[in-house]
>>> print(open('my_file_32.pdb').read())   # PDB, C-alpha atoms and all ligand atoms
ATOM      1  CA  MET A 391      81.847  96.871  73.920
ATOM      2  CA  GLU A 392      83.343 100.014  72.371
ATOM      3  CA  GLN A 393      86.805  99.454  70.867
ATOM      4  CA  LEU A 394      89.386 102.245  70.681
ATOM      5  CA  GLU A 395      92.582 102.804  68.706
ATOM      6  CA  LEU A 396      95.606 102.906  71.005
ATOM      7  CA  GLY A 397      97.418 105.943  69.592
ATOM      8  CA  ARG A 398      99.491 105.109  66.522
ATOM      9  CA  THR A 399     100.220 101.511  67.623
ATOM     10  CA  GLY A 400      97.645  99.917  65.326
ATOM     11  CA  ILE A 401      96.331  98.055  68.390
ATOM     12  CA  ARG A 402      92.623  98.240  69.214
ATOM     13  CA  VAL A 403      91.503  97.801  72.803
ATOM     14  CA  SER A 404      88.152  97.631  74.569
ATOM     15  CA  LYS A 405      87.036 100.676  76.554
ATOM     16  CA  LEU A 406      87.305  98.577  79.716
ATOM     17  CA  CYS A 407      90.571  96.748  80.361
ATOM     18  CA  PHE A 408      90.732  93.986  82.969
ATOM     19  CA  GLY A 409      93.338  95.031  85.553
ATOM     20  CA  SER A 410      94.585  91.679  86.833
ATOM     21  CA  LEU A 411      96.435  92.903  89.955
ATOM     22  CA  THR A 412      93.280  92.258  91.993
ATOM     23  CA  VAL A 413      93.036  88.506  91.329
ATOM     24  CA  GLY A 414      96.706  87.763  92.030
ATOM     25  CA  PRO A 415      98.838  87.260  95.158
ATOM     26  CA  CYS A 416      99.121  91.036  95.878
ATOM     27  CA  GLN A 417      95.375  91.211  96.509
ATOM     28  CA  ALA A 418      92.590  88.557  96.392
ATOM     29  CA  ASP A 419      95.144  85.757  95.850
ATOM     30  CA  LEU A 420      92.796  83.626  93.752
ATOM     31  CA  SER A 421      94.161  80.424  92.245
ATOM     32  CA  PRO A 422      94.987  80.579  88.506
ATOM     33  CA  GLU A 423      91.850  78.476  87.961
ATOM     34  CA  ASP A 424      89.517  80.809  89.896
ATOM     35  CA  GLY A 425      91.201  84.037  88.784
ATOM     36  CA  GLY A 426      91.245  82.759  85.192
ATOM     37  CA  ARG A 427      87.489  82.252  85.387
ATOM     38  CA  VAL A 428      86.936  85.855  86.528
ATOM     39  CA  ILE A 429      89.091  87.211  83.687
ATOM     40  CA  ALA A 430      87.377  84.876  81.193
ATOM     41  CA  ALA A 431      83.966  86.202  82.327
ATOM     42  CA  ALA A 432      85.115  89.689  81.301
ATOM     43  CA  LEU A 433      86.410  88.384  77.946
ATOM     44  CA  ASP A 434      83.038  86.705  77.335
ATOM     45  CA  LEU A 435      81.339  90.069  77.867
ATOM     46  CA  GLY A 436      83.441  91.920  75.279
ATOM     47  CA  VAL A 437      86.541  93.023  77.204
ATOM     48  CA  THR A 438      89.533  92.457  74.894
ATOM     49  CA  HIS A 439      92.430  93.885  76.926
ATOM     50  CA  VAL A 440      94.023  92.367  80.043
ATOM     51  CA  ASP A 441      96.700  94.274  81.924
ATOM     52  CA  THR A 442      99.296  92.679  84.175
ATOM     53  CA  ALA A 443     102.892  93.178  85.383
ATOM     54  CA  GLN A 444     105.913  91.056  86.136
ATOM     55  CA  ILE A 445     105.336  91.535  89.894
ATOM     56  CA  TYR A 446     101.592  90.788  89.826
ATOM     57  CA  GLY A 447     102.037  87.016  89.585
ATOM     58  CA  THR A 448      99.010  86.740  87.291
ATOM     59  CA  TYR A 449     100.497  85.294  84.095
ATOM     60  CA  PRO A 450      99.092  81.836  85.010
ATOM     61  CA  HIS A 451      95.643  83.362  85.603
ATOM     62  CA  ILE A 452      95.762  85.029  82.180
ATOM     63  CA  ARG A 453      96.947  81.829  80.519
ATOM     64  CA  ARG A 454      93.966  80.010  82.064
ATOM     65  CA  ALA A 455      91.558  82.760  80.928
ATOM     66  CA  LEU A 456      92.897  82.543  77.358
ATOM     67  CA  ALA A 457      92.317  78.771  77.409
ATOM     68  CA  LEU A 458      88.688  79.341  78.454
ATOM     69  CA  CYS A 459      88.084  82.156  75.960
ATOM     70  CA  ALA A 460      86.444  81.590  72.566
ATOM     71  CA  ARG A 461      88.738  84.035  70.704
ATOM     72  CA  PRO A 462      92.086  84.146  72.552
ATOM     73  CA  ASP A 463      93.907  85.697  69.597
ATOM     74  CA  ASP A 464      91.704  88.807  69.854
ATOM     75  CA  VAL A 465      92.884  89.494  73.416
ATOM     76  CA  VAL A 466      95.467  92.256  73.890
ATOM     77  CA  ILE A 467      97.891  91.680  76.761
ATOM     78  CA  SER A 468      99.930  94.437  78.382
ATOM     79  CA  SER A 469     102.606  93.876  80.989
ATOM     80  CA  LYS A 470     105.190  95.932  82.869
ATOM     81  CA  THR A 471     108.626  95.518  84.348
ATOM     82  CA  TYR A 472     110.937  97.359  86.743
ATOM     83  CA  ALA A 473     113.895  96.209  84.588
ATOM     84  CA  TYR A 474     116.682  98.734  84.100
ATOM     85  CA  THR A 475     119.301  96.582  82.331
ATOM     86  CA  ARG A 476     119.205  94.770  79.000
ATOM     87  CA  ARG A 477     119.400  91.358  80.699
ATOM     88  CA  MET A 478     116.522  92.187  83.048
ATOM     89  CA  ALA A 479     114.338  93.413  80.168
ATOM     90  CA  LEU A 480     115.057  90.289  78.091
ATOM     91  CA  ASP A 481     114.254  88.070  81.087
ATOM     92  CA  ALA A 482     111.030  89.983  81.835
ATOM     93  CA  VAL A 483     109.737  89.576  78.291
ATOM     94  CA  ASP A 484     110.791  85.903  78.162
ATOM     95  CA  GLU A 485     108.940  85.266  81.425
ATOM     96  CA  ALA A 486     105.776  86.946  80.117
ATOM     97  CA  ARG A 487     105.868  84.925  76.884
ATOM     98  CA  ARG A 488     106.609  81.627  78.621
ATOM     99  CA  GLU A 489     104.027  82.005  81.386
ATOM    100  CA  THR A 490     101.156  83.412  79.314
ATOM    101  CA  GLY A 491     101.841  80.984  76.456
ATOM    102  CA  ARG A 492     101.950  83.885  73.985
ATOM    103  CA  ASP A 493     104.762  84.297  71.416
ATOM    104  CA  VAL A 494     104.022  88.010  71.117
ATOM    105  CA  ILE A 495     103.190  90.318  74.017
ATOM    106  CA  ASP A 496     101.179  93.242  72.676
ATOM    107  CA  ILE A 497     102.300  96.035  75.009
ATOM    108  CA  PHE A 498     105.290  96.128  77.360
ATOM    109  CA  LEU A 499     105.806  99.029  79.756
ATOM    110  CA  LEU A 500     108.472 100.291  82.118
ATOM    111  CA  HIS A 501     106.666 100.062  85.473
ATOM    112  CA  GLU A 502     105.978 103.120  87.689
ATOM    113  CA  GLN A 503     108.156 105.707  85.983
ATOM    114  CA  GLU A 504     108.221 109.040  87.803
ATOM    115  CA  SER A 505     109.754 111.463  85.290
ATOM    116  CA  GLU A 506     112.140 111.714  82.379
ATOM    117  CA  HIS A 507     115.003 111.290  84.866
ATOM    118  CA  THR A 508     113.635 107.884  85.915
ATOM    119  CA  VAL A 509     113.253 106.897  82.264
ATOM    120  CA  ARG A 510     116.837 107.948  81.616
ATOM    121  CA  GLY A 511     117.908 105.572  84.383
ATOM    122  CA  HIS A 512     115.981 102.777  82.620
ATOM    123  CA  MET A 513     117.190 103.642  79.114
ATOM    124  CA  GLU A 514     119.069 100.377  78.564
ATOM    125  CA  ALA A 515     115.899  98.405  79.320
ATOM    126  CA  LEU A 516     113.758 100.755  77.210
ATOM    127  CA  GLU A 517     116.078 100.383  74.217
ATOM    128  CA  THR A 518     115.967  96.604  74.649
ATOM    129  CA  LEU A 519     112.160  96.636  74.613
ATOM    130  CA  TYR A 520     112.219  98.645  71.377
ATOM    131  CA  GLU A 521     114.704  96.161  69.939
ATOM    132  CA  LEU A 522     112.266  93.336  70.818
ATOM    133  CA  LYS A 523     109.501  95.309  69.130
ATOM    134  CA  ALA A 524     111.641  95.568  65.977
ATOM    135  CA  ARG A 525     112.056  91.759  66.116
ATOM    136  CA  GLY A 526     108.256  91.322  66.335
ATOM    137  CA  VAL A 527     108.221  89.990  69.907
ATOM    138  CA  LEU A 528     106.391  93.094  71.191
ATOM    139  CA  ARG A 529     103.925  95.335  69.355
ATOM    140  CA  ALA A 530     104.188  98.492  71.467
ATOM    141  CA  VAL A 531     106.434  99.892  74.202
ATOM    142  CA  GLY A 532     105.712 102.524  76.838
ATOM    143  CA  LEU A 533     105.542 103.284  80.531
ATOM    144  CA  SER A 534     103.116 103.277  83.434
ATOM    145  CA  THR A 535     103.081 106.141  85.892
ATOM    146  CA  HIS A 536     101.335 107.677  88.886
ATOM    147  CA  ARG A 537     102.793 111.084  88.070
ATOM    148  CA  VAL A 538     102.084 113.908  85.632
ATOM    149  CA  ALA A 539     105.858 114.101  85.012
ATOM    150  CA  GLY A 540     105.771 110.428  83.959
ATOM    151  CA  VAL A 541     103.292 111.278  81.208
ATOM    152  CA  SER A 542     105.532 114.184  80.158
ATOM    153  CA  ALA A 543     108.378 111.669  79.863
ATOM    154  CA  ALA A 544     106.321 109.438  77.551
ATOM    155  CA  ILE A 545     105.758 112.464  75.301
ATOM    156  CA  ARG A 546     109.390 113.587  75.541
ATOM    157  CA  TYR A 547     110.664 110.156  74.430
ATOM    158  CA  GLY A 548     107.885 109.593  71.858
ATOM    159  CA  LEU A 549     106.822 106.284  73.404
ATOM    160  CA  ASP A 550     104.067 104.168  71.854
ATOM    161  CA  ALA A 551     101.903 103.990  74.980
ATOM    162  CA  VAL A 552     101.374 105.460  78.417
ATOM    163  CA  HIS A 553      99.352 103.968  81.288
ATOM    164  CA  PRO A 554      98.684 106.824  83.721
ATOM    165  CA  LEU A 555      96.864 106.853  87.040
ATOM    166  CA  LEU A 556      93.795 109.016  86.475
ATOM    167  CA  ASN A 557      90.590 109.379  88.454
ATOM    168  CA  LYS A 558      88.041 112.102  89.072
ATOM    169  CA  PHE A 559      89.466 113.090  92.465
ATOM    170  CA  GLY A 560      93.165 112.730  91.637
ATOM    171  CA  VAL A 561      93.647 110.081  94.366
ATOM    172  CA  GLY A 562      97.149 108.599  94.070
ATOM    173  CA  ILE A 563      98.590 111.177  91.650
ATOM    174  CA  GLY A 564     101.987 111.971  93.137
ATOM    175  CA  ASP A 565     102.657 115.415  91.718
ATOM    176  CA  GLY A 566      99.424 117.180  90.829
ATOM    177  CA  THR A 567      95.659 117.219  90.586
ATOM    178  CA  ALA A 568      93.270 115.310  88.358
ATOM    179  CA  GLU A 569      93.113 118.406  86.126
ATOM    180  CA  ASP A 570      96.908 118.518  85.805
ATOM    181  CA  MET A 571      96.997 114.838  84.853
ATOM    182  CA  LEU A 572      94.102 115.189  82.429
ATOM    183  CA  ARG A 573      95.838 118.085  80.675
ATOM    184  CA  GLU A 574      99.084 116.133  80.237
ATOM    185  CA  VAL A 575      97.317 112.942  79.168
ATOM    186  CA  ARG A 576      95.423 114.936  76.559
ATOM    187  CA  ARG A 577      98.752 116.332  75.315
ATOM    188  CA  ALA A 578     100.145 112.780  75.141
ATOM    189  CA  ALA A 579      97.161 111.554  73.129
ATOM    190  CA  GLU A 580      97.420 114.526  70.750
ATOM    191  CA  SER A 581     101.073 113.700  70.132
ATOM    192  CA  GLY A 582     100.121 110.130  69.148
ATOM    193  CA  VAL A 583     100.966 108.289  72.385
ATOM    194  CA  GLY A 584      98.393 105.532  73.020
ATOM    195  CA  VAL A 585      96.663 106.084  76.376
ATOM    196  CA  PHE A 586      95.023 103.556  78.657
ATOM    197  CA  ALA A 587      94.377 104.911  82.128
ATOM    198  CA  MET A 588      94.363 103.089  85.468
ATOM    199  CA  LYS A 589      92.824 103.260  88.939
ATOM    200  CA  PRO A 590      89.531 105.039  88.135
ATOM    201  CA  LEU A 591      88.462 104.106  91.690
ATOM    202  CA  GLY A 592      91.753 105.177  93.302
ATOM    203  CA  GLY A 593      92.767 101.566  93.963
ATOM    204  CA  GLY A 594      89.589 100.999  96.030
ATOM    205  CA  ASN A 595      89.662 104.306  97.950
ATOM    206  CA  LEU A 596      86.852 105.744  95.840
ATOM    207  CA  LEU A 597      84.429 102.800  95.979
ATOM    208  CA  ALA A 598      81.954 105.016  97.846
ATOM    209  CA  HIS A 599      81.882 107.234  94.727
ATOM    210  CA  ALA A 600      81.975 104.362  92.215
ATOM    211  CA  ALA A 601      79.224 105.609  89.871
ATOM    212  CA  GLU A 602      80.615 109.150  89.759
ATOM    213  CA  CYS A 603      84.164 107.921  89.159
ATOM    214  CA  LEU A 604      83.235 105.386  86.496
ATOM    215  CA  ALA A 605      81.110 108.016  84.740
ATOM    216  CA  PHE A 606      84.237 110.206  84.644
ATOM    217  CA  ALA A 607      86.326 107.345  83.227
ATOM    218  CA  ARG A 608      83.593 106.421  80.763
ATOM    219  CA  ALA A 609      83.504 109.998  79.425
ATOM    220  CA  MET A 610      87.266 110.034  78.740
ATOM    221  CA  PRO A 611      88.222 109.413  75.107
ATOM    222  CA  TRP A 612      90.631 106.661  76.257
ATOM    223  CA  SER A 613      90.265 103.186  77.673
ATOM    224  CA  PHE A 614      90.913 102.400  81.332
ATOM    225  CA  ALA A 615      91.962  99.405  83.387
ATOM    226  CA  LEU A 616      89.896  98.407  86.390
ATOM    227  CA  GLY A 617      90.717  95.654  88.851
ATOM    228  CA  MET A 618      87.950  93.126  89.480
ATOM    229  CA  ARG A 619      87.829  90.174  91.864
ATOM    230  CA  SER A 620      84.610  88.315  91.041
ATOM    231  CA  GLU A 621      82.316  87.546  88.134
ATOM    232  CA  GLU A 622      79.644  89.654  89.846
ATOM    233  CA  GLU A 623      81.979  92.692  89.838
ATOM    234  CA  VAL A 624      82.779  92.008  86.178
ATOM    235  CA  ARG A 625      79.088  91.996  85.224
ATOM    236  CA  ALA A 626      78.400  95.206  87.176
ATOM    237  CA  ASN A 627      81.359  97.104  85.696
ATOM    238  CA  VAL A 628      80.775  95.924  82.118
ATOM    239  CA  ALA A 629      77.126  97.006  82.430
ATOM    240  CA  PHE A 630      78.222 100.420  83.690
ATOM    241  CA  VAL A 631      80.714 100.929  80.871
ATOM    242  CA  GLU A 632      78.131  99.914  78.265
ATOM    243  CA  THR A 633      75.051 101.711  79.629
ATOM    244  CA  GLY A 634      76.248 104.298  82.172
ATOM    245  CA  ARG A 635      74.331 102.486  84.949
ATOM    246  CA  PHE A 636      74.982  99.659  87.371
ATOM    247  CA  PRO A 637      72.522  96.745  87.431
ATOM    248  CA  ASP A 638      69.935  96.983  90.250
ATOM    249  CA  GLY A 639      71.494  96.565  93.683
ATOM    250  CA  ALA A 640      75.108  96.513  92.433
ATOM    251  CA  GLU A 641      75.985 100.088  93.348
ATOM    252  CA  GLU A 642      74.937  99.667  96.993
ATOM    253  CA  LYS A 643      77.073  96.551  97.195
ATOM    254  CA  ILE A 644      80.127  98.270  95.694
ATOM    255  CA  ARG A 645      79.705 101.345  97.922
ATOM    256  CA  SER A 646      79.643  99.154 101.008
ATOM    257  CA  VAL A 647      83.069  97.603 100.240
ATOM    258  CA  ARG A 648      86.005  99.062 102.178
ATOM    259  CA  ARG A 649      89.538  98.061 101.247
ATOM    260  CA  ARG A 650      92.524  98.850 103.439
ATOM    261  CA  LEU A 651      96.034  97.665 104.093
ATOM    262  CA  ILE A 652      96.682  96.172 107.504
ATOM    263  CA  VAL A 653     100.014  95.453 109.204
ATOM    264  CA  GLU A 654      99.991  92.316 111.317
ATOM    265  CA  GLU A 655     101.538  92.146 114.774
ATOM    266  CA  HIS A 656     104.655  90.233 113.737
ATOM    267  CA  CYS A 657     106.107  93.147 111.679
ATOM    268  CA  VAL A 658     109.833  93.366 112.453
ATOM    269  CA  GLY A 659     110.314  96.909 111.130
ATOM    270  CA  CYS A 660     112.761  95.927 108.362
ATOM    271  CA  GLY A 661     111.593  98.742 106.044
ATOM    272  CA  SER A 662     111.289  96.687 102.820
ATOM    273  CA  CYS A 663     107.694  97.871 102.426
ATOM    274  CA  GLU A 664     108.728 101.505 102.773
ATOM    275  CA  ARG A 665     111.331 101.129 100.027
ATOM    276  CA  VAL A 666     108.913  99.736  97.402
ATOM    277  CA  CYS A 667     105.977 102.084  98.015
ATOM    278  CA  GLY A 668     105.939 104.736  95.296
ATOM    279  CA  GLN A 669     103.109 106.527  97.114
ATOM    280  CA  HIS A 670     105.185 107.006 100.303
ATOM    281  CA  ALA A 671     102.168 105.615 102.143
ATOM    282  CA  ILE A 672     103.944 103.283 104.557
ATOM    283  CA  ARG A 673     106.746 104.147 106.995
ATOM    284  CA  VAL A 674     108.511 102.377 109.803
ATOM    285  CA  VAL A 675     107.947 104.269 113.037
ATOM    286  CA  ASP A 676     109.185 102.945 116.384
ATOM    287  CA  GLY A 677     110.121  99.591 114.834
ATOM    288  CA  ARG A 678     106.807  98.917 113.135
ATOM    289  CA  ALA A 679     105.293  99.738 109.724
ATOM    290  CA  ARG A 680     102.517 102.369 109.827
ATOM    291  CA  VAL A 681     100.147 102.994 106.910
ATOM    292  CA  ASP A 682      98.961 106.444 105.849
ATOM    293  CA  ALA A 683      95.465 105.402 104.765
ATOM    294  CA  GLY A 684      94.914 108.713 102.955
ATOM    295  CA  ALA A 685      97.914 108.115 100.681
ATOM    296  CA  CYS A 686      97.638 104.315 100.279
ATOM    297  CA  ILE A 687      96.040 103.171  97.014
ATOM    298  CA  THR A 688      95.847  99.535  98.237
ATOM    299  CA  CYS A 689      97.943  98.289  95.320
ATOM    300  CA  GLY A 690      99.466  95.554  97.502
ATOM    301  CA  TYR A 691     102.984  95.933  96.045
ATOM    302  CA  CYS A 692     104.424  96.227  99.570
ATOM    303  CA  GLY A 693     102.896  92.875 100.527
ATOM    304  CA  ARG A 694     105.089  91.139  97.937
ATOM    305  CA  ALA A 695     108.165  92.814  99.380
ATOM    306  CA  CYS A 696     107.498  91.893 103.012
ATOM    307  CA  PRO A 697     109.757  89.016 104.121
ATOM    308  CA  GLU A 698     107.439  88.324 107.084
ATOM    309  CA  THR A 699     104.198  88.266 105.007
ATOM    310  CA  CYS A 700     102.525  90.576 107.477
ATOM    311  CA  LEU A 701     100.861  92.994 105.052
ATOM    312  CA  LYS A 702      97.348  92.195 103.882
ATOM    313  CA  ILE A 703      94.683  94.037 101.894
ATOM    314  CA  VAL A 704      91.346  93.348 103.612
TER     315      VAL A 704
HETATM  316  S1  LIG B   1     108.310  94.717 105.091
HETATM  317 FE1  LIG B   1     106.959  93.651 106.525
HETATM  318  S2  LIG B   1     108.239  93.229 108.302
HETATM  319 FE2  LIG B   1     109.307  94.761 107.093
HETATM  320  S3  LIG B   1     108.628  96.733 108.013
HETATM  321 FE3  LIG B   1     107.269  96.308 106.298
HETATM  322  S4  LIG B   1     105.529  95.234 107.217
HETATM  323 FE4  LIG B   1     107.178  95.167 108.686
HETATM  324  S1  LIG B   2     101.432 101.162 101.295
HETATM  325 FE1  LIG B   2     101.518  99.271 100.081
HETATM  326  S2  LIG B   2      99.414  99.010  99.307
HETATM  327 FE2  LIG B   2      99.607 101.156 100.010
HETATM  328  S3  LIG B   2     100.214 102.314  98.178
HETATM  329 FE3  LIG B   2     102.124 101.717  99.247
HETATM  330  S4  LIG B   2     102.743  99.790  98.245
HETATM  331 FE4  LIG B   2     100.570 100.123  97.707
END
>>> encode(input="my_file_32.pdb", output="structure tokens")
Amino acid sequence: MEQLELGRTGIRVSKLCFGSLTVGPCQADLSPEDGGRVIAAALDLGVTHVDTAQIYGTYPHIRRALALCARPDDVVISSKTYAYTRRMALDAVDEARRETGRDVIDIFLLHEQESEHTVRGHMEALETLYELKARGVLRAVGLSTHRVAGVSAAIRYGLDAVHPLLNKFGVGIGDGTAEDMLREVRRAAESGVGVFAMKPLGGGNLLAHAAECLAFARAMPWSFALGMRSEEEVRANVAFVETGRFPDGAEEKIRSVRRRLIVEEHCVGCGSCERVCGQHAIRVVDGRARVDAGACITCGYCGRACPETCLKIV
């Protein structure tokens, strides 16, 4: 598989990155053994970058995949944290190292940054991550974002890497169109920030347009992370990235999948889901959570925040 330089970091990543949110408790909830096998299938087929986050709960799955993989040292791992203090950042990196079994985490990002104002509020954590990079514990530091203004912030602060939401139809971009995001991402890349995009299928909302959307992602000069839940999905997506076509029958199968967030009857209307959703896609109305399906990118973050475990991606 094609390998790309990640800006000025000196890190090389495969064109397709395995987005591990899908195998973890926020989504398919596979065991570390089963999820590890799915990730390992991608590594066997030439994927060399696995993306995760502190809240994904997939460090054990990645650890298992590395144990199954022939060349674990060639695998680049990126993770993210909502930390805003020094202590929280230190703990987040320690947790990633301990649970993946890796002494060095390649890329560590501030999670879901909205603008330079948000980054300013996380400055203590950002400075701590750079300090860990100087000590050789991390290789690159950056941010992930669903907003054009988040990419502007990565440029403004000269970060090593940015992980922006980018798809052909702009689904999930909080403050602009796909064209706006593309323009800013291009500016980031030109200024030396390493780019790896996310959600080429809008978190599952664009599965009906999978070929068109993956062709768009494939044509970008950057790599992109895609969530996968089964070895069959891995084979189909790797084939598309390498040849521009899905294997026979795969596209019909992918197009027929519908993912949505459901709220079970026992919702108590506490509002925790509403507070964690960066997309503003869930709101408590008349004592019960209601999902705006047009805005929801089925990330599953709200499910982790629900004390009643009544949110499910189906
Ligand atoms: S967090 Fe759970 S219980 Fe609370 S409002 Fe949301 S869905 Fe309902
Ligand atoms: S409602 Fe939940 S699944 Fe949908 S975008 Fe918000 S946090 Fe993600």
>>> atom_distance(input="my_file_32.pdb", atom1="CA of Ala626 (chain A)", atom2="CA of Arg427 (chain A)")
15.9 Å
>>> residues_around(input="my_file_32.pdb", residues="Glu569 (chain A)", least_positions_apart="2", cutoff="10 Å", atoms="all atoms listed in the file", output="compact mmCIF listing (two decimals) with C-alpha atoms, in the coordinates of the input")
# COMPACT_ATOMS: atom_id res chain seq x y z
CA LEU A 556 93.80 109.02 86.48
CA ASN A 557 90.59 109.38 88.45
CA LYS A 558 88.04 112.10 89.07
CA PHE A 559 89.47 113.09 92.46
CA GLY A 560 93.16 112.73 91.64
CA GLY A 566 99.42 117.18 90.83
CA THR A 567 95.66 117.22 90.59
CA MET A 571 97.00 114.84 84.85
CA LEU A 572 94.10 115.19 82.43
CA ARG A 573 95.84 118.08 80.68
CA GLU A 574 99.08 116.13 80.24
CA VAL A 575 97.32 112.94 79.17
>>> closest_residue(input="my_file_32.pdb", among="A:Pro554, A:Gly684, A:Gly584, A:Pro637", to="Ile401 (chain A)", atoms="all atoms listed in the file")
A:Gly584
>>> residues_near_ligand(input="my_file_32.pdb", ligand="ligand LIG 2 (chain B)", cutoff="7 Å", atoms="all atoms listed in the file", output="ChimeraX atom specification")
/A:651,663,666-672,681,685-693
>>> closest_residue(input="my_file_32.pdb", among="A:Arg546, A:His439, A:Arg576, A:Arg525", to="Pro462 (chain A)", atoms="all atoms listed in the file")
A:His439
>>> closest_residue(input="my_file_32.pdb", among="A:Ala679, A:Leu604, A:Ala587, A:Val465", to="ligand LIG 1 (chain B)", atoms="all atoms listed in the file")
A:Ala679
>>> atom_distance(input="my_file_32.pdb", atom1="CA of Arg529 (chain A)", atom2="CA of Cys416 (chain A)")
27.3 Å
>>> resolve_selection(input="my_file_32.pdb", expression="the PyMOL selection byres (((not hetatm)) within 8 of (chain B and resi 1))", output="PyMOL selection string")
chain A and resi 653-654+656-664+672-674+677-679+692-693+695-701
>>> axis_aligned_box(input="my_file_32.pdb", around="region 687-704 of chain A", padding_each_side="5 Å", output="lines of an AutoDock Vina configuration file")
center_x = 100.6
center_y = 95.7
center_z = 101.4
size_x = 28.4
size_y = 24.9
size_z = 22.2
>>> resolve_selection(input="my_file_32.pdb", expression="the PyMOL selection byres (((chain A and resi 535-540) around 8) and not hetatm)", output="ChimeraX atom specification")
/A:501-506,533-534,541-544,552-555,562-566,570-571,574
>>> write_last_selection(input="my_file_32.pdb", atoms="C-alpha atoms", output="compact mmCIF listing (two decimals), keeping the file's coordinate frame")
# COMPACT_ATOMS: atom_id res chain seq x y z
CA HIS A 501 106.67 100.06 85.47
CA GLU A 502 105.98 103.12 87.69
CA GLN A 503 108.16 105.71 85.98
CA GLU A 504 108.22 109.04 87.80
CA SER A 505 109.75 111.46 85.29
CA GLU A 506 112.14 111.71 82.38
CA LEU A 533 105.54 103.28 80.53
CA SER A 534 103.12 103.28 83.43
CA VAL A 541 103.29 111.28 81.21
CA SER A 542 105.53 114.18 80.16
CA ALA A 543 108.38 111.67 79.86
CA ALA A 544 106.32 109.44 77.55
CA VAL A 552 101.37 105.46 78.42
CA HIS A 553 99.35 103.97 81.29
CA PRO A 554 98.68 106.82 83.72
CA LEU A 555 96.86 106.85 87.04
CA GLY A 562 97.15 108.60 94.07
CA ILE A 563 98.59 111.18 91.65
CA GLY A 564 101.99 111.97 93.14
CA ASP A 565 102.66 115.42 91.72
CA GLY A 566 99.42 117.18 90.83
CA ASP A 570 96.91 118.52 85.80
CA MET A 571 97.00 114.84 84.85
CA GLU A 574 99.08 116.13 80.24
>>> atom_distance(input="my_file_32.pdb", atom1="CA of Leu499 (chain A)", atom2="CA of Phe586 (chain A)")
11.7 Å
